[in-house]
Amino acid sequence: MSLINTTIKPFKATAYHNGKFVEVSDQTVAGKWAVFVFYPADFTFVCPTELEDLADHYAEFQKMGVEVYSVSTDTHFAHKAWHDTSDAIKKVNYPMIGDPTHTLSKNFDVLIEEEGIALRGTFVVNPAGEIKVLEIHDNGIGRDASELLRKVKAAQYIAAHPGEVCPAKWEEGAKTLTPSLDLVGKI
């Protein structure tokens, strides 16, 4: 069963954020747009390129009222150590959630049980706590934060404009579609 349009499950976790350890929960996320970006492990290869790319786009997410949460099965202590030692990760200003109990990875169905790590999963959650976008990659395939931004903008647009849909490659300000019998067979 797909997680699309399901509500995120209750959770509590500790994150490393702006030099401190902070608690993050489903209640922290409630009422806001959020993006959860799962990755396999700290101190690896593709992961820092993705988290740095997200850090480079973080201000744009914030302008849209979106909080970004990176999540791995490492501890919040490992996140701090990685942040302190990696030039790429030093750029990260969003919360880095530790999931050593695998609660979040299981809740979002990205845990590779036999390895104890998460797949590369990206989830866009609306203010009602519903998953509106999900994308899961093989761990060898990195993601693109600019494409994620586009998808969040589309999700926010259709949430604000019921009855409209965003076609392929839709960009903010571009024409949308209003599904109707008149369009059947004409696109």
# chains A, B, ... in the order shown; residues from 1 in each chain; ligands from 1

call {"tool": "residues_around", "arguments": {"residues": "region 138-155 of chain A", "least_positions_apart": "2", "cutoff": "8 Å", "atoms": "only C-alpha atoms", "output": "ChimeraX atom specification"}}
result
/A:39-40,46-47,49-50,53-54,57,60-61,119-120,124,132-133,136,157-159,166,170-172

call {"tool": "select_by_dssp", "arguments": {"residues": "region 96-170 of chain A", "states": "strand (DSSP E)", "output": "list in words"}}
result
Met96, Ile97, Gly98, Leu111, Ile112, Ile117, Ala118, Arg120, Gly121, Thr122, Phe123, Val124, Val125, Ile131, Lys132, Val133, Leu134, Glu135, Ile136 and His137 of chain A

call {"tool": "write_last_selection", "arguments": {"atoms": "all heavy atoms", "output": "compact mmCIF listing (two decimals), in the first residue's frame"}}
result
# COMPACT_ATOMS: atom_id res chain seq x y z
N MET A 96 18.88 17.76 11.68
CA MET A 96 19.38 16.44 11.26
C MET A 96 18.91 15.44 12.31
O MET A 96 19.48 15.38 13.40
CB MET A 96 20.90 16.46 11.15
CG MET A 96 21.43 17.45 10.13
SD MET A 96 23.25 17.50 10.12
CE MET A 96 23.61 15.92 9.36
N ILE A 97 17.88 14.66 11.98
CA ILE A 97 17.26 13.75 12.95
C ILE A 97 18.03 12.43 13.01
O ILE A 97 18.32 11.83 11.98
CB ILE A 97 15.79 13.47 12.59
CG1 ILE A 97 14.97 14.77 12.60
CG2 ILE A 97 15.19 12.44 13.53
CD1 ILE A 97 13.54 14.60 12.14
N GLY A 98 18.31 12.00 14.24
CA GLY A 98 18.88 10.68 14.46
C GLY A 98 17.75 9.68 14.65
O GLY A 98 16.78 9.94 15.36
N LEU A 111 13.27 1.52 5.68
CA LEU A 111 14.33 0.80 6.38
C LEU A 111 14.75 -0.45 5.61
O LEU A 111 13.91 -1.25 5.21
CB LEU A 111 13.87 0.40 7.79
CG LEU A 111 14.93 -0.33 8.62
CD1 LEU A 111 16.11 0.57 8.94
CD2 LEU A 111 14.31 -0.88 9.90
N ILE A 112 16.05 -0.62 5.44
CA ILE A 112 16.61 -1.87 4.93
C ILE A 112 16.99 -2.66 6.18
O ILE A 112 18.05 -2.43 6.77
CB ILE A 112 17.86 -1.63 4.05
CG1 ILE A 112 17.54 -0.68 2.90
CG2 ILE A 112 18.39 -2.97 3.53
CD1 ILE A 112 18.77 -0.23 2.12
N ILE A 117 19.98 0.43 7.82
CA ILE A 117 20.06 1.77 7.25
C ILE A 117 18.82 2.06 6.41
O ILE A 117 18.05 1.16 6.08
CB ILE A 117 21.33 1.97 6.38
CG1 ILE A 117 21.35 0.99 5.19
CG2 ILE A 117 22.59 1.84 7.23
CD1 ILE A 117 22.46 1.25 4.19
N ALA A 118 18.64 3.32 6.07
CA ALA A 118 17.48 3.74 5.28
C ALA A 118 17.83 3.86 3.81
O ALA A 118 18.98 4.16 3.44
CB ALA A 118 16.97 5.08 5.79
N ARG A 120 17.20 5.99 0.26
CA ARG A 120 17.06 7.42 -0.02
C ARG A 120 15.58 7.70 -0.28
O ARG A 120 15.08 7.47 -1.37
CB ARG A 120 17.89 7.82 -1.23
CG ARG A 120 19.35 7.74 -0.98
CD ARG A 120 20.19 8.31 -2.13
NE ARG A 120 21.54 7.84 -1.95
CZ ARG A 120 22.38 8.26 -1.02
NH1 ARG A 120 22.01 9.20 -0.17
NH2 ARG A 120 23.59 7.76 -0.91
N GLY A 121 14.89 8.15 0.74
CA GLY A 121 13.47 8.45 0.62
C GLY A 121 13.20 9.92 0.86
O GLY A 121 13.76 10.51 1.78
N THR A 122 12.35 10.50 0.04
CA THR A 122 11.97 11.91 0.16
C THR A 122 10.46 11.98 0.31
O THR A 122 9.73 11.37 -0.48
CB THR A 122 12.40 12.69 -1.09
OG1 THR A 122 13.78 12.45 -1.35
CG2 THR A 122 12.16 14.18 -0.91
N PHE A 123 10.00 12.71 1.32
CA PHE A 123 8.57 12.80 1.62
C PHE A 123 8.20 14.26 1.85
O PHE A 123 8.82 14.93 2.66
CB PHE A 123 8.24 11.99 2.87
CG PHE A 123 8.57 10.52 2.73
CD1 PHE A 123 9.86 10.07 2.97
CD2 PHE A 123 7.60 9.62 2.35
CE1 PHE A 123 10.18 8.73 2.83
CE2 PHE A 123 7.90 8.28 2.20
CZ PHE A 123 9.20 7.83 2.44
N VAL A 124 7.18 14.72 1.15
CA VAL A 124 6.63 16.05 1.36
C VAL A 124 5.34 15.87 2.14
O VAL A 124 4.44 15.12 1.72
CB VAL A 124 6.35 16.78 0.03
CG1 VAL A 124 5.68 18.13 0.28
CG2 VAL A 124 7.65 16.95 -0.76
N VAL A 125 5.25 16.54 3.29
CA VAL A 125 4.12 16.41 4.20
C VAL A 125 3.41 17.76 4.31
O VAL A 125 4.06 18.79 4.54
CB VAL A 125 4.61 15.93 5.59
CG1 VAL A 125 3.46 15.84 6.58
CG2 VAL A 125 5.35 14.60 5.47
N ILE A 131 1.11 12.78 3.72
CA ILE A 131 2.20 12.65 2.76
C ILE A 131 1.64 12.91 1.37
O ILE A 131 0.75 12.20 0.90
CB ILE A 131 2.84 11.25 2.84
CG1 ILE A 131 3.45 11.04 4.23
CG2 ILE A 131 3.87 11.07 1.74
CD1 ILE A 131 3.90 9.63 4.52
N LYS A 132 2.15 13.94 0.71
CA LYS A 132 1.66 14.35 -0.61
C LYS A 132 2.62 13.96 -1.74
O LYS A 132 2.21 13.85 -2.88
CB LYS A 132 1.40 15.86 -0.64
CG LYS A 132 0.26 16.26 0.26
CD LYS A 132 -0.93 15.37 0.01
CE LYS A 132 -2.27 15.97 0.15
NZ LYS A 132 -3.34 15.04 -0.22
N VAL A 133 3.88 13.82 -1.42
CA VAL A 133 4.89 13.41 -2.40
C VAL A 133 5.78 12.40 -1.72
O VAL A 133 6.18 12.59 -0.57
CB VAL A 133 5.75 14.62 -2.87
CG1 VAL A 133 6.89 14.16 -3.78
CG2 VAL A 133 4.91 15.68 -3.56
N LEU A 134 6.10 11.33 -2.43
CA LEU A 134 7.12 10.43 -1.93
C LEU A 134 7.92 9.91 -3.11
O LEU A 134 7.41 9.71 -4.20
CB LEU A 134 6.54 9.29 -1.09
CG LEU A 134 5.87 8.08 -1.70
CD1 LEU A 134 6.85 7.06 -2.22
CD2 LEU A 134 5.04 7.41 -0.63
N GLU A 135 9.19 9.78 -2.85
CA GLU A 135 10.11 9.28 -3.87
C GLU A 135 11.17 8.47 -3.15
O GLU A 135 11.74 8.94 -2.17
CB GLU A 135 10.73 10.46 -4.61
CG GLU A 135 11.60 10.09 -5.77
CD GLU A 135 12.04 11.30 -6.56
OE1 GLU A 135 12.34 12.36 -5.95
OE2 GLU A 135 12.08 11.20 -7.79
N ILE A 136 11.40 7.27 -3.62
CA ILE A 136 12.40 6.41 -2.99
C ILE A 136 13.39 5.96 -4.06
O ILE A 136 12.98 5.50 -5.13
CB ILE A 136 11.74 5.20 -2.29
CG1 ILE A 136 10.78 5.70 -1.20
CG2 ILE A 136 12.81 4.28 -1.70
CD1 ILE A 136 9.96 4.62 -0.53
N HIS A 137 14.67 6.15 -3.74
CA HIS A 137 15.75 5.82 -4.68
C HIS A 137 16.59 4.67 -4.15
O HIS A 137 16.72 4.49 -2.94
CB HIS A 137 16.72 7.01 -4.79
CG HIS A 137 16.19 8.18 -5.51
ND1 HIS A 137 16.83 8.70 -6.60
CD2 HIS A 137 15.10 8.96 -5.33
CE1 HIS A 137 16.17 9.75 -7.04
NE2 HIS A 137 15.11 9.92 -6.28

call {"tool": "atom_distance", "arguments": {"atom1": "CA of Gly173 (chain A)", "atom2": "CA of Ala128 (chain A)"}}
result
24.9 Å

call {"tool": "residues_around", "arguments": {"residues": "Asp74 (chain A)", "least_positions_apart": "4", "cutoff": "12 Å", "atoms": "only C-alpha atoms", "output": "PyMOL selection string"}}
result
chain A and resi 13-16+38-44+70+78-82+96-102+104-105+116-118

call {"tool": "write_last_selection", "arguments": {"atoms": "N, CA, C and O atoms", "output": "compact mmCIF listing (two decimals), in the first residue's frame"}}
result
# COMPACT_ATOMS: atom_id res chain seq x y z
N ALA A 13 11.95 12.08 18.32
CA ALA A 13 13.35 11.80 18.00
C ALA A 13 14.19 13.01 18.40
O ALA A 13 13.66 14.10 18.64
N THR A 14 15.49 12.80 18.45
CA THR A 14 16.41 13.90 18.75
C THR A 14 17.15 14.27 17.48
O THR A 14 17.62 13.40 16.74
N ALA A 15 17.27 15.57 17.27
CA ALA A 15 17.97 16.09 16.09
C ALA A 15 19.12 16.98 16.53
O ALA A 15 19.09 17.58 17.62
N TYR A 16 20.09 17.10 15.66
CA TYR A 16 21.14 18.09 15.82
C TYR A 16 20.73 19.27 14.95
O TYR A 16 20.48 19.11 13.74
N PHE A 38 15.38 11.07 3.92
CA PHE A 38 16.10 9.95 4.51
C PHE A 38 17.33 9.63 3.67
O PHE A 38 17.28 9.71 2.43
N TYR A 39 18.41 9.26 4.34
CA TYR A 39 19.64 8.86 3.65
C TYR A 39 20.29 7.75 4.45
O TYR A 39 20.01 7.58 5.63
N PRO A 40 21.18 6.97 3.82
CA PRO A 40 21.72 5.77 4.48
C PRO A 40 22.56 6.02 5.73
O PRO A 40 22.31 5.40 6.76
N ALA A 41 23.56 6.90 5.64
CA ALA A 41 24.47 7.02 6.79
C ALA A 41 25.35 8.25 6.70
O ALA A 41 25.70 8.71 5.62
N ASP A 42 25.73 8.74 7.88
CA ASP A 42 26.72 9.81 7.96
C ASP A 42 28.08 9.28 7.51
O ASP A 42 28.32 8.07 7.48
N PHE A 43 28.98 10.19 7.19
CA PHE A 43 30.36 9.88 6.81
C PHE A 43 30.43 8.96 5.59
O PHE A 43 31.28 8.08 5.51
N THR A 44 29.52 9.18 4.64
CA THR A 44 29.52 8.35 3.43
C THR A 44 29.79 9.22 2.22
O THR A 44 30.42 10.27 2.36
N SER A 70 16.51 16.19 7.65
CA SER A 70 17.24 15.03 7.13
C SER A 70 17.19 13.96 8.21
O SER A 70 17.15 14.26 9.40
N ALA A 78 26.33 11.40 16.24
CA ALA A 78 27.06 11.20 14.98
C ALA A 78 26.81 12.38 14.04
O ALA A 78 27.74 12.85 13.36
N HIS A 79 25.57 12.88 14.01
CA HIS A 79 25.26 14.04 13.17
C HIS A 79 26.11 15.25 13.58
O HIS A 79 26.64 15.96 12.73
N LYS A 80 26.25 15.47 14.87
CA LYS A 80 27.07 16.59 15.35
C LYS A 80 28.54 16.39 14.93
O LYS A 80 29.17 17.32 14.44
N ALA A 81 29.05 15.19 15.12
CA ALA A 81 30.45 14.93 14.75
C ALA A 81 30.66 15.13 13.25
O ALA A 81 31.67 15.71 12.83
N TRP A 82 29.72 14.69 12.45
CA TRP A 82 29.81 14.87 11.00
C TRP A 82 29.75 16.35 10.65
O TRP A 82 30.51 16.85 9.83
N MET A 96 18.88 17.76 11.68
CA MET A 96 19.38 16.44 11.26
C MET A 96 18.91 15.44 12.31
O MET A 96 19.48 15.38 13.40
N ILE A 97 17.88 14.66 11.98
CA ILE A 97 17.26 13.75 12.95
C ILE A 97 18.03 12.43 13.01
O ILE A 97 18.32 11.83 11.98
N GLY A 98 18.31 12.00 14.24
CA GLY A 98 18.88 10.68 14.46
C GLY A 98 17.75 9.68 14.65
O GLY A 98 16.78 9.94 15.36
N ASP A 99 17.89 8.52 14.01
CA ASP A 99 16.86 7.49 14.09
C ASP A 99 17.49 6.13 14.43
O ASP A 99 17.30 5.15 13.71
N PRO A 100 18.25 6.05 15.55
CA PRO A 100 18.92 4.79 15.88
C PRO A 100 17.95 3.66 16.23
O PRO A 100 18.31 2.49 16.13
N THR A 101 16.73 4.00 16.61
CA THR A 101 15.73 2.96 16.93
C THR A 101 14.98 2.51 15.68
O THR A 101 14.17 1.58 15.75
N HIS A 102 15.21 3.18 14.58
CA HIS A 102 14.59 2.88 13.28
C HIS A 102 13.09 3.17 13.24
O HIS A 102 12.40 2.77 12.30
N LEU A 104 11.39 6.07 12.73
CA LEU A 104 10.99 6.88 11.57
C LEU A 104 11.20 6.12 10.27
O LEU A 104 10.36 6.17 9.37
N SER A 105 12.32 5.42 10.16
CA SER A 105 12.60 4.67 8.93
C SER A 105 11.54 3.60 8.68
O SER A 105 11.15 3.37 7.54
N GLY A 116 20.23 -2.22 8.54
CA GLY A 116 20.02 -1.23 9.59
C GLY A 116 20.15 0.20 9.11
O GLY A 116 20.40 1.11 9.91
N ILE A 117 19.98 0.43 7.82
CA ILE A 117 20.06 1.77 7.25
C ILE A 117 18.82 2.06 6.41
O ILE A 117 18.05 1.16 6.08
N ALA A 118 18.64 3.32 6.07
CA ALA A 118 17.48 3.74 5.28
C ALA A 118 17.83 3.86 3.81
O ALA A 118 18.98 4.16 3.44

call {"tool": "atom_distance", "arguments": {"atom1": "CA of Val22 (chain A)", "atom2": "CA of Val37 (chain A)"}}
result
17.6 Å

call {"tool": "closest_residue", "arguments": {"among": "A:Tyr69, A:Phe36, A:Phe21, A:Tyr94", "to": "Asp56 (chain A)", "atoms": "only C-alpha atoms"}}
result
A:Tyr94

call {"tool": "closest_residue", "arguments": {"among": "A:Pro48, A:Gly185, A:Pro179, A:Glu130", "to": "Ile4 (chain A)", "atoms": "only C-alpha atoms"}}
result
A:Glu130

call {"tool": "atom_distance", "arguments": {"atom1": "CA of Asn107 (chain A)", "atom2": "CA of Ala160 (chain A)"}}
result
27.4 Å

call {"tool": "closest_residue", "arguments": {"among": "A:Lys20, A:Phe108, A:Trp33, A:Val165", "to": "Lys63 (chain A)", "atoms": "only C-alpha atoms"}}
result
A:Trp33

call {"tool": "select_by_dssp", "arguments": {"residues": "region 5-183 of chain A", "states": "alpha helix (DSSP H)", "output": "PyMOL selection string"}}
result
chain A and resi 26-29+46-63+76-85+103-107+145-160
